[in-house]
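Structure file run-v2.cif (mmCIF, C-alpha atoms) follows.
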data_run
#
loop_
_atom_site.group_PDB
_atom_site.id
_atom_site.type_symbol
_atom_site.label_atom_id
_atom_site.label_comp_id
_atom_site.auth_asym_id
_atom_site.auth_seq_id
_atom_site.Cartn_x
_atom_site.Cartn_y
_atom_site.Cartn_z
ATOM 1 C CA MET N 777 -10.594 -8.324 -19.694
ATOM 2 C CA LEU N 778 -11.122 -5.468 -17.264
ATOM 3 C CA SER N 779 -10.933 -1.793 -18.071
ATOM 4 C CA HIS N 780 -8.322 0.340 -16.322
ATOM 5 C CA THR N 781 -11.078 1.916 -14.245
ATOM 6 C CA GLU N 782 -12.448 -1.465 -13.185
ATOM 7 C CA GLU N 783 -8.956 -2.579 -12.155
ATOM 8 C CA ASN N 784 -8.484 0.590 -10.113
ATOM 9 C CA TYR N 785 -11.761 -0.001 -8.281
ATOM 10 C CA LEU N 786 -10.900 -3.638 -7.647
ATOM 11 C CA LYS N 787 -7.532 -2.701 -6.192
ATOM 12 C CA ALA N 788 -9.125 -0.027 -3.993
ATOM 13 C CA ILE N 789 -11.721 -2.475 -2.645
ATOM 14 C CA TYR N 790 -8.992 -4.976 -1.843
ATOM 15 C CA HIS N 791 -6.880 -2.427 0.041
ATOM 16 C CA LEU N 792 -9.879 -1.198 2.028
ATOM 17 C CA SER N 793 -10.876 -4.788 2.855
ATOM 18 C CA THR N 794 -7.470 -5.380 4.465
ATOM 19 C CA GLU N 795 -7.891 -2.461 6.876
ATOM 20 C CA GLY N 796 -9.861 -4.352 9.492
ATOM 21 C CA THR N 797 -13.221 -5.129 7.899
ATOM 22 C CA GLU N 798 -14.113 -7.669 5.243
ATOM 23 C CA SER N 799 -17.122 -5.663 4.030
ATOM 24 C CA VAL N 800 -16.257 -2.280 2.527
ATOM 25 C CA SER N 801 -18.814 0.521 2.725
ATOM 26 C CA THR N 802 -19.671 2.373 -0.457
ATOM 27 C CA ASN N 803 -19.019 5.645 1.380
ATOM 28 C CA ALA N 804 -15.455 4.559 2.168
ATOM 29 C CA LEU N 805 -14.964 3.507 -1.447
ATOM 30 C CA ALA N 806 -16.397 6.790 -2.764
ATOM 31 C CA ALA N 807 -13.953 8.694 -0.549
ATOM 32 C CA GLN N 808 -11.058 6.518 -1.696
ATOM 33 C CA MET N 809 -11.913 6.954 -5.374
ATOM 34 C CA ASN N 810 -12.971 10.602 -4.998
ATOM 35 C CA THR N 811 -16.229 10.060 -6.852
ATOM 36 C CA SER N 812 -19.996 10.147 -6.327
ATOM 37 C CA ALA N 813 -22.215 7.513 -4.737
ATOM 38 C CA ALA N 814 -24.030 7.060 -8.062
ATOM 39 C CA SER N 815 -20.774 6.233 -9.857
ATOM 40 C CA ILE N 816 -19.875 3.752 -7.101
ATOM 41 C CA THR N 817 -23.232 1.973 -7.425
ATOM 42 C CA ASP N 818 -22.865 1.634 -11.195
ATOM 43 C CA MET N 819 -19.344 0.231 -10.899
ATOM 44 C CA MET N 820 -20.340 -2.198 -8.124
ATOM 45 C CA LYS N 821 -23.042 -3.631 -10.383
ATOM 46 C CA ARG N 822 -20.491 -4.101 -13.175
ATOM 47 C CA LEU N 823 -17.938 -5.822 -10.959
ATOM 48 C CA SER N 824 -20.631 -7.957 -9.360
ATOM 49 C CA ALA N 825 -21.833 -9.107 -12.800
ATOM 50 C CA LYS N 826 -18.273 -10.244 -13.505
ATOM 51 C CA LYS N 827 -18.225 -12.282 -10.259
ATOM 52 C CA LEU N 828 -15.414 -10.178 -8.797
ATOM 53 C CA ILE N 829 -17.302 -8.805 -5.793
ATOM 54 C CA ARG N 830 -20.404 -9.459 -3.716
ATOM 55 C CA TYR N 831 -22.508 -6.322 -3.529
ATOM 56 C CA GLU N 832 -25.761 -5.646 -1.704
ATOM 57 C CA ARG N 833 -27.120 -2.140 -1.486
ATOM 58 C CA TYR N 834 -26.736 -0.672 2.022
ATOM 59 C CA ARG N 835 -24.660 -3.684 3.145
ATOM 60 C CA GLY N 836 -21.324 -2.917 1.534
ATOM 61 C CA VAL N 837 -18.963 -4.787 -0.754
ATOM 62 C CA SER N 838 -16.821 -7.885 -0.262
ATOM 63 C CA MET N 839 -14.357 -9.622 -2.548
ATOM 64 C CA THR N 840 -14.901 -13.000 -4.224
ATOM 65 C CA ASP N 841 -11.947 -15.357 -4.583
ATOM 66 C CA LYS N 842 -11.672 -14.395 -8.247
ATOM 67 C CA GLY N 843 -11.775 -10.708 -7.372
ATOM 68 C CA THR N 844 -9.076 -11.167 -4.745
ATOM 69 C CA ASN N 845 -6.836 -13.022 -7.194
ATOM 70 C CA ASP N 846 -7.284 -10.343 -9.846
ATOM 71 C CA ALA N 847 -6.589 -7.549 -7.326
ATOM 72 C CA LEU N 848 -3.412 -9.269 -6.134
ATOM 73 C CA SER N 849 -2.273 -9.634 -9.744
ATOM 74 C CA ILE N 850 -2.652 -5.873 -10.268
ATOM 75 C CA ILE N 851 -0.840 -5.137 -7.003
ATOM 76 C CA ARG N 852 1.954 -7.520 -7.994
ATOM 77 C CA LYS N 853 2.473 -5.672 -11.271
ATOM 78 C CA HIS N 854 2.448 -2.284 -9.548
ATOM 79 C CA ARG N 855 5.076 -3.266 -7.003
ATOM 80 C CA LEU N 856 7.302 -5.055 -9.488
ATOM 81 C CA TRP N 857 7.278 -1.980 -11.726
ATOM 82 C CA GLU N 858 8.134 0.252 -8.762
ATOM 83 C CA THR N 859 11.067 -2.031 -7.980
ATOM 84 C CA PHE N 860 12.239 -1.970 -11.589
ATOM 85 C CA LEU N 861 11.995 1.810 -11.819
ATOM 86 C CA VAL N 862 14.050 2.344 -8.657
ATOM 87 C CA GLU N 863 16.602 -0.453 -9.016
ATOM 88 C CA LYS N 864 17.182 -0.441 -12.766
ATOM 89 C CA LEU N 865 16.226 3.036 -14.027
ATOM 90 C CA GLY N 866 17.393 5.134 -11.102
ATOM 91 C CA PHE N 867 14.063 6.685 -10.119
ATOM 92 C CA LYS N 868 13.728 7.969 -6.567
ATOM 93 C CA TRP N 869 11.238 6.133 -4.361
ATOM 94 C CA ASP N 870 8.970 9.195 -4.266
ATOM 95 C CA GLU N 871 8.800 9.352 -8.092
ATOM 96 C CA VAL N 872 7.520 5.887 -9.003
ATOM 97 C CA HIS N 873 3.943 5.535 -7.733
ATOM 98 C CA GLU N 874 2.214 7.437 -10.531
ATOM 99 C CA VAL N 875 4.315 5.751 -13.227
ATOM 100 C CA ALA N 876 3.590 2.304 -11.773
ATOM 101 C CA GLU N 877 -0.119 3.216 -11.708
ATOM 102 C CA GLN N 878 0.083 3.378 -15.495
ATOM 103 C CA LEU N 879 2.261 0.294 -15.970
ATOM 104 C CA GLU N 880 0.205 -1.962 -13.677
ATOM 105 C CA HIS N 881 -2.465 -2.307 -16.371
ATOM 106 C CA VAL N 882 -0.219 -4.257 -18.761
ATOM 107 C CA GLN N 883 -2.000 -7.509 -19.650
ATOM 108 C CA SER N 884 0.894 -9.777 -20.627
ATOM 109 C CA ARG N 885 1.421 -12.288 -17.829
ATOM 110 C CA LEU N 886 4.578 -13.499 -19.595
ATOM 111 C CA LEU N 887 6.052 -9.993 -19.473
ATOM 112 C CA VAL N 888 5.302 -9.691 -15.762
ATOM 113 C CA ASP N 889 6.794 -13.124 -15.034
ATOM 114 C CA LYS N 890 9.916 -12.181 -17.013
ATOM 115 C CA LEU N 891 10.131 -8.901 -15.098
ATOM 116 C CA ASP N 892 9.902 -10.798 -11.800
ATOM 117 C CA GLN N 893 12.674 -13.155 -12.950
ATOM 118 C CA PHE N 894 14.841 -10.269 -14.171
ATOM 119 C CA LEU N 895 14.579 -8.587 -10.769
ATOM 120 C CA GLY N 896 15.512 -11.787 -8.931
ATOM 121 C CA TYR N 897 12.031 -12.518 -7.532
ATOM 122 C CA PRO N 898 11.942 -9.684 -4.964
ATOM 123 C CA LYS N 899 9.758 -10.210 -1.898
ATOM 124 C CA SER N 900 9.107 -6.503 -1.271
ATOM 125 C CA ASP N 901 9.182 -3.247 -3.214
ATOM 126 C CA PRO N 902 11.227 -0.079 -2.474
ATOM 127 C CA HIS N 903 8.599 1.062 0.043
ATOM 128 C CA GLY N 904 8.642 -2.230 1.952
ATOM 129 C CA ASP N 905 5.305 -3.551 0.653
ATOM 130 C CA TRP N 906 5.075 -7.285 -0.005
ATOM 131 C CA ILE N 907 5.102 -8.436 -3.620
ATOM 132 C CA PRO N 908 2.721 -11.350 -4.270
ATOM 133 C CA ASP N 909 4.096 -14.167 -6.429
ATOM 134 C CA ARG N 910 2.371 -15.282 -9.629
ATOM 135 C CA ASN N 911 -0.066 -17.322 -7.503
ATOM 136 C CA GLY N 912 -0.958 -14.383 -5.281
ATOM 137 C CA LYS N 913 1.028 -15.692 -2.297
ATOM 138 C CA TYR N 914 3.282 -13.610 -0.078
ATOM 139 C CA LYS N 915 4.837 -13.932 3.356
ATOM 140 C CA GLU N 916 3.137 -11.814 5.989
ATOM 141 C CA GLU N 917 4.601 -10.464 9.199
ATOM 142 C CA GLN N 918 3.077 -8.427 11.987
ATOM 143 C CA ARG N 919 3.334 -4.697 11.356
ATOM 144 C CA THR N 920 1.976 -1.799 13.390
ATOM 145 C CA PRO N 921 1.369 1.827 12.377
ATOM 146 C CA LEU N 922 3.994 4.003 14.036
ATOM 147 C CA SER N 923 1.156 6.186 15.319
ATOM 148 C CA GLU N 924 -0.011 3.238 17.462
ATOM 149 C CA ALA N 925 3.413 2.014 18.623
ATOM 150 C CA GLY N 926 4.351 2.324 22.262
ATOM 151 C CA ALA N 927 6.666 5.048 23.506
ATOM 152 C CA GLY N 928 10.067 3.955 24.777
ATOM 153 C CA SER N 929 10.372 0.854 22.579
ATOM 154 C CA GLN N 930 12.711 0.225 19.656
ATOM 155 C CA PHE N 931 11.209 -0.373 16.223
ATOM 156 C CA ARG N 932 12.301 -1.054 12.649
ATOM 157 C CA VAL N 933 10.610 0.605 9.686
ATOM 158 C CA LYS N 934 8.975 -2.057 7.521
ATOM 159 C CA SER N 935 7.002 -0.026 4.992
ATOM 160 C CA ILE N 936 5.974 3.517 4.102
ATOM 161 C CA ARG N 937 2.971 4.485 1.964
ATOM 162 C CA ASP N 938 4.097 4.877 -1.634
ATOM 163 C CA ASP N 939 1.427 7.407 -2.666
ATOM 164 C CA VAL N 940 2.530 10.300 -0.447
ATOM 165 C CA PRO N 941 5.580 11.811 -2.218
ATOM 166 C CA GLY N 942 6.032 14.585 0.332
ATOM 167 C CA LEU N 943 6.361 12.079 3.182
ATOM 168 C CA LEU N 944 8.842 9.960 1.221
ATOM 169 C CA GLN N 945 10.900 13.045 0.426
ATOM 170 C CA TYR N 946 10.966 14.015 4.098
ATOM 171 C CA MET N 947 11.943 10.467 5.089
ATOM 172 C CA SER N 948 14.897 10.666 2.717
ATOM 173 C CA LYS N 949 15.866 14.061 4.117
ATOM 174 C CA VAL N 950 15.960 12.811 7.735
ATOM 175 C CA GLY N 951 17.576 9.483 6.870
ATOM 176 C CA ILE N 952 14.633 7.151 7.444
ATOM 177 C CA GLY N 953 14.471 4.254 4.996
ATOM 178 C CA ILE N 954 13.186 0.693 5.087
ATOM 179 C CA GLY N 955 14.891 -1.074 7.993
ATOM 180 C CA ALA N 956 15.792 2.129 9.844
ATOM 181 C CA GLY N 957 15.751 1.938 13.627
ATOM 182 C CA LEU N 958 13.353 4.234 15.485
ATOM 183 C CA LYS N 959 12.599 4.931 19.118
ATOM 184 C CA ILE N 960 9.614 6.981 20.279
ATOM 185 C CA ILE N 961 10.955 9.420 22.868
ATOM 186 C CA GLU N 962 7.731 11.306 23.524
ATOM 187 C CA ARG N 963 4.146 11.248 22.297
ATOM 188 C CA ARG N 964 1.931 14.320 22.734
ATOM 189 C CA ALA N 965 -1.588 13.473 23.852
ATOM 190 C CA PHE N 966 -3.230 16.610 22.455
ATOM 191 C CA ASP N 967 -2.390 15.938 18.788
ATOM 192 C CA GLY N 968 -0.668 12.538 18.662
ATOM 193 C CA SER N 969 2.596 13.957 17.311
ATOM 194 C CA MET N 970 5.776 12.286 18.467
ATOM 195 C CA ASP N 971 9.501 12.857 18.951
ATOM 196 C CA LEU N 972 11.615 10.079 17.451
ATOM 197 C CA LEU N 973 15.232 9.041 17.787
ATOM 198 C CA VAL N 974 16.486 7.809 14.404
ATOM 199 C CA GLU N 975 19.232 5.162 14.532
ATOM 200 C CA ASN N 976 20.055 6.401 18.055
ATOM 201 C CA LYS N 977 21.508 9.579 16.521
ATOM 202 C CA ARG N 978 19.006 12.112 15.208
ATOM 203 C CA ARG N 979 15.923 13.448 16.945
ATOM 204 C CA ILE N 980 12.972 14.469 14.779
ATOM 205 C CA THR N 981 9.297 15.328 15.248
ATOM 206 C CA LEU N 982 6.603 13.543 13.256
ATOM 207 C CA SER N 983 2.864 14.188 13.041
ATOM 208 C CA LYS N 984 0.264 11.568 13.898
ATOM 209 C CA GLU N 985 -0.949 11.642 10.279
ATOM 210 C CA SER N 986 2.532 10.792 9.012
ATOM 211 C CA GLY N 987 2.922 8.087 11.662
ATOM 212 C CA GLU N 988 -0.224 6.388 10.379
ATOM 213 C CA LYS N 989 1.493 5.891 7.010
ATOM 214 C CA ILE N 990 4.630 4.221 8.431
ATOM 215 C CA LEU N 991 4.446 0.567 9.483
ATOM 216 C CA VAL N 992 6.966 -0.807 11.967
ATOM 217 C CA SER N 993 7.799 -3.938 13.933
ATOM 218 C CA LYS N 994 9.687 -4.486 17.163
ATOM 219 C CA SER N 995 13.485 -4.555 16.720
#

Just give me the structure as structure tokens.
Amino acid sequence: MLSHTEENYLKAIYHLSTEGTESVSTNALAAQMNTSAASITDMMKRLSAKKLIRYERYRGVSMTDKGTNDALSIIRKHRLWETFLVEKLGFKWDEVHEVAEQLEHVQSRLLVDKLDQFLGYPKSDPHGDWIPDRNGKYKEEQRTPLSEAGAGSQFRVKSIRDDVPGLLQYMSKVGIGIGAGLKIIERRAFDGSMDLLVENKRRITLSKESGEKILVSKS
């Protein structure tokens, strides 16, 4: 059994490890968890003792197979609960992240499997993120941050970060949801902001920071 805090750290390490480097620096983890280096070191020793991570001081952190499986189980629960809250309880997509953060710590695997079955075994959550199955498997596809996409091409929105309510609220306001068609009309070199055409109808301006949180693929 892991504590809620240990599960949160494990999930954070997993997410950071999928951002281009297998070994996660303790500085990056401290920034992600908004805590001190001393607290990070103590937690890394605890997770290492439980065979969930490989940790060497000054060399970063990497996941073991067991740690990866446990992290994917937590992520699965989080995304299934987000789906349930939106589809069955009528929450808005910008309201569910914090609630799912609480619900993801439920320990009953039977409950989670029943929830998955009740929802019809969804492959992605309301924000477009993949939902692993009970074995930690999910179907990947190539996705690119909108901030890195080429100007002049057509794209489809595949996912939007679920932990930035203000961005999700703005996306709803301008009519951008999962699957929406976008075209980059202009990108400004001095700050990376961009003008977008939404569904070939509406023109909006988006900051580089916001574009980093929206993943797209070619139409």

Exercise. Taking into account only C-alpha atoms, which residue in the set N:Tyr946, N:Phe966, N:Tyr831, N:Tyr914 is nearest to Leu848 of chain N?
Worked result: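 When distances to Leu848 of chain N are compared using only C-alpha atoms, the smallest one comes from N:Tyr914.
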
Put a box with edges along x, y and z around all the listed atoms of segment 941-956 of chain N, pad it by 4 Å on each side, then give me its centre and sizes in Å, one decimal, as JSON.
{"center_x": 11.6, "center_y": 6.8, "center_z": 3.8, "size_x": 20.0, "size_y": 23.7, "size_z": 20.1}

Problem set entry | Pick from N:Arg822, N:Lys842, N:Arg978, N:His903, whichever lies nearest to Arg937 of chain N using only C-alpha atoms |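 Checking each candidate against Arg937 of chain N, we get N:His903 as the closest.
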
Seminar exercise, completed: Judged by all atoms listed in the file, the minimum distance to Trp869 of chain N among N:Ser801, N:Ile980, N:Asp938, N:Ser815 is found for N:Asp938

For this session: Go through the shown structure with the PyMOL selection byres ((chain N and resi 826) around 12) and write out the matching residues as a ChimeraX atom specification.
Result: /N:777-778,782,786,819-825,827-831,839-840,842-843,846

Exercise. To one decimal place, how far is atom CA of Pro941 of chain N from atom CA of Glu874 of chain N in Å?
Worked result: 10.0 Å

Exercise. Mind telling me what the PyMOL selection byres ((chain N and resi 904-910) around 8) catches here, as a PyMOL selection string?
Worked result: chain N and resi 848-849+851-852+855-856+889+898-903+911-916+934-936+954

Exercise. How many Å separate atom CA of Gln945 of chain N from atom CA of Thr781 of chain N?
Worked result: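 Taking atom CA of Gln945 of chain N and atom CA of Thr781 of chain N, their separation equals 28.7 Å.
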
Should you be able to, write segment 849-983 of chain N of this structure into a file that contains C-alpha atoms, as an mmCIF file, in the first residue's frame.
data_model
loop_
_atom_site.group_PDB
_atom_site.id
_atom_site.type_symbol
_atom_site.label_atom_id
_atom_site.label_comp_id
_atom_site.auth_asym_id
_atom_site.auth_seq_id
_atom_site.Cartn_x
_atom_site.Cartn_y
_atom_site.Cartn_z
ATOM 1 C CA SER N 849 -2.901 2.403 -12.480
ATOM 2 C CA ILE N 850 -3.201 5.764 -10.697
ATOM 3 C CA ILE N 851 -3.460 7.611 -14.016
ATOM 4 C CA ARG N 852 -6.129 5.168 -15.188
ATOM 5 C CA LYS N 853 -8.233 5.864 -12.105
ATOM 6 C CA HIS N 854 -7.820 9.625 -12.478
ATOM 7 C CA ARG N 855 -8.937 9.652 -16.097
ATOM 8 C CA LEU N 856 -11.821 7.255 -15.579
ATOM 9 C CA TRP N 857 -13.117 9.424 -12.738
ATOM 10 C CA GLU N 858 -12.819 12.540 -14.906
ATOM 11 C CA THR N 859 -14.843 10.777 -17.594
ATOM 12 C CA PHE N 860 -17.481 9.709 -15.084
ATOM 13 C CA LEU N 861 -17.774 13.190 -13.603
ATOM 14 C CA VAL N 862 -18.274 14.824 -17.007
ATOM 15 C CA GLU N 863 -20.404 12.185 -18.729
ATOM 16 C CA LYS N 864 -22.571 10.998 -15.850
ATOM 17 C CA LEU N 865 -22.650 13.823 -13.280
ATOM 18 C CA GLY N 866 -22.632 16.814 -15.598
ATOM 19 C CA PHE N 867 -19.399 18.444 -14.435
ATOM 20 C CA LYS N 868 -17.677 20.801 -16.855
ATOM 21 C CA TRP N 869 -14.288 19.674 -18.151
ATOM 22 C CA ASP N 870 -12.556 22.490 -16.254
ATOM 23 C CA GLU N 871 -14.104 21.379 -12.928
ATOM 24 C CA VAL N 872 -12.988 17.751 -12.670
ATOM 25 C CA HIS N 873 -9.203 17.668 -12.231
ATOM 26 C CA GLU N 874 -9.098 18.468 -8.518
ATOM 27 C CA VAL N 875 -11.974 16.093 -7.736
ATOM 28 C CA ALA N 876 -10.314 13.281 -9.701
ATOM 29 C CA GLU N 877 -7.078 13.991 -7.799
ATOM 30 C CA GLN N 878 -8.941 12.915 -4.672
ATOM 31 C CA LEU N 879 -10.758 9.949 -6.218
ATOM 32 C CA GLU N 880 -7.671 8.474 -7.914
ATOM 33 C CA HIS N 881 -6.438 7.144 -4.565
ATOM 34 C CA VAL N 882 -9.280 4.626 -4.186
ATOM 35 C CA GLN N 883 -7.731 1.183 -3.654
ATOM 36 C CA SER N 884 -10.494 -1.143 -4.848
ATOM 37 C CA ARG N 885 -9.462 -2.573 -8.209
ATOM 38 C CA LEU N 886 -12.922 -4.146 -8.532
ATOM 39 C CA LEU N 887 -14.562 -0.729 -8.204
ATOM 40 C CA VAL N 888 -12.294 0.734 -10.877
ATOM 41 C CA ASP N 889 -12.932 -2.199 -13.229
ATOM 42 C CA LYS N 890 -16.688 -1.810 -12.686
ATOM 43 C CA LEU N 891 -16.394 1.921 -13.361
ATOM 44 C CA ASP N 892 -14.533 1.199 -16.609
ATOM 45 C CA GLN N 893 -17.254 -1.273 -17.631
ATOM 46 C CA PHE N 894 -20.036 1.152 -16.686
ATOM 47 C CA LEU N 895 -18.489 3.840 -18.889
ATOM 48 C CA GLY N 896 -18.166 1.465 -21.845
ATOM 49 C CA TYR N 897 -14.367 1.070 -21.674
ATOM 50 C CA PRO N 898 -13.466 4.580 -22.898
ATOM 51 C CA LYS N 899 -10.113 4.985 -24.643
ATOM 52 C CA SER N 900 -9.660 8.658 -23.718
ATOM 53 C CA ASP N 901 -10.934 11.101 -21.111
ATOM 54 C CA PRO N 902 -12.775 14.427 -21.663
ATOM 55 C CA HIS N 903 -9.449 16.205 -22.228
ATOM 56 C CA GLY N 904 -8.291 13.724 -24.872
ATOM 57 C CA ASP N 905 -5.744 11.898 -22.693
ATOM 58 C CA TRP N 906 -5.423 8.147 -23.205
ATOM 59 C CA ILE N 907 -6.912 5.880 -20.552
ATOM 60 C CA PRO N 908 -4.760 2.805 -19.844
ATOM 61 C CA ASP N 909 -6.629 -0.495 -19.537
ATOM 62 C CA ARG N 910 -6.378 -2.674 -16.430
ATOM 63 C CA ASN N 911 -3.049 -4.018 -17.748
ATOM 64 C CA GLY N 912 -1.596 -0.558 -18.287
ATOM 65 C CA LYS N 913 -1.912 -0.726 -22.086
ATOM 66 C CA TYR N 914 -3.171 2.070 -24.308
ATOM 67 C CA LYS N 915 -3.012 2.961 -27.982
ATOM 68 C CA GLU N 916 -0.569 5.742 -28.758
ATOM 69 C CA GLU N 917 -0.609 8.133 -31.682
ATOM 70 C CA GLN N 918 1.755 10.897 -32.692
ATOM 71 C CA ARG N 919 0.844 14.223 -31.116
ATOM 72 C CA THR N 920 2.636 17.561 -31.302
ATOM 73 C CA PRO N 921 2.338 20.623 -29.049
ATOM 74 C CA LEU N 922 0.492 23.342 -30.940
ATOM 75 C CA SER N 923 3.350 25.690 -30.055
ATOM 76 C CA GLU N 924 5.652 23.554 -32.241
ATOM 77 C CA ALA N 925 3.243 22.937 -35.137
ATOM 78 C CA GLY N 926 3.973 24.463 -38.506
ATOM 79 C CA ALA N 927 2.161 27.549 -39.741
ATOM 80 C CA GLY N 928 -0.194 27.091 -42.677
ATOM 81 C CA SER N 929 -1.096 23.459 -41.942
ATOM 82 C CA GLN N 930 -4.399 22.019 -40.748
ATOM 83 C CA PHE N 931 -4.505 20.262 -37.386
ATOM 84 C CA ARG N 932 -6.976 18.502 -35.101
ATOM 85 C CA VAL N 933 -6.952 19.020 -31.343
ATOM 86 C CA LYS N 934 -6.157 15.724 -29.626
ATOM 87 C CA SER N 935 -5.731 16.722 -25.988
ATOM 88 C CA ILE N 936 -5.590 19.728 -23.675
ATOM 89 C CA ARG N 937 -3.958 19.802 -20.232
ATOM 90 C CA ASP N 938 -6.586 19.049 -17.607
ATOM 91 C CA ASP N 939 -4.935 20.975 -14.751
ATOM 92 C CA VAL N 940 -5.255 24.483 -16.202
ATOM 93 C CA PRO N 941 -8.917 25.471 -15.624
ATOM 94 C CA GLY N 942 -8.499 28.945 -17.095
ATOM 95 C CA LEU N 943 -7.268 27.527 -20.409
ATOM 96 C CA LEU N 944 -10.112 25.001 -20.548
ATOM 97 C CA GLN N 945 -12.631 27.748 -19.848
ATOM 98 C CA TYR N 946 -11.180 29.868 -22.646
ATOM 99 C CA MET N 947 -11.230 26.888 -25.022
ATOM 100 C CA SER N 948 -14.929 26.437 -24.307
ATOM 101 C CA LYS N 949 -15.545 30.144 -24.855
ATOM 102 C CA VAL N 950 -13.902 30.152 -28.314
ATOM 103 C CA GLY N 951 -15.363 26.803 -29.356
ATOM 104 C CA ILE N 952 -12.234 24.653 -29.238
ATOM 105 C CA GLY N 953 -12.852 21.110 -28.021
ATOM 106 C CA ILE N 954 -11.280 17.719 -28.629
ATOM 107 C CA GLY N 955 -11.330 17.081 -32.380
ATOM 108 C CA ALA N 956 -11.667 20.751 -33.335
ATOM 109 C CA GLY N 957 -9.946 21.806 -36.540
ATOM 110 C CA LEU N 958 -7.240 24.469 -36.297
ATOM 111 C CA LYS N 959 -5.046 26.280 -38.779
ATOM 112 C CA ILE N 960 -2.096 28.456 -37.766
ATOM 113 C CA ILE N 961 -2.418 31.666 -39.775
ATOM 114 C CA GLU N 962 0.541 33.511 -38.283
ATOM 115 C CA ARG N 963 3.203 32.889 -35.659
ATOM 116 C CA ARG N 964 5.038 35.828 -34.069
ATOM 117 C CA ALA N 965 8.759 35.231 -33.682
ATOM 118 C CA PHE N 966 9.268 37.659 -30.796
ATOM 119 C CA ASP N 967 6.979 35.865 -28.317
ATOM 120 C CA GLY N 968 5.757 32.694 -30.048
ATOM 121 C CA SER N 969 2.099 33.744 -29.946
ATOM 122 C CA MET N 970 -0.047 32.692 -32.866
ATOM 123 C CA ASP N 971 -3.217 33.563 -34.772
ATOM 124 C CA LEU N 972 -5.460 30.548 -35.336
ATOM 125 C CA LEU N 973 -8.424 29.846 -37.571
ATOM 126 C CA VAL N 974 -10.896 27.636 -35.689
ATOM 127 C CA GLU N 975 -13.001 25.307 -37.860
ATOM 128 C CA ASN N 976 -12.320 27.666 -40.791
ATOM 129 C CA LYS N 977 -14.634 30.232 -39.170
ATOM 130 C CA ARG N 978 -13.256 32.077 -36.155
ATOM 131 C CA ARG N 979 -9.888 33.763 -35.803
ATOM 132 C CA ILE N 980 -8.321 33.881 -32.343
ATOM 133 C CA THR N 981 -4.931 34.675 -30.812
ATOM 134 C CA LEU N 982 -3.212 32.214 -28.488
ATOM 135 C CA SER N 983 -0.043 32.578 -26.422
#
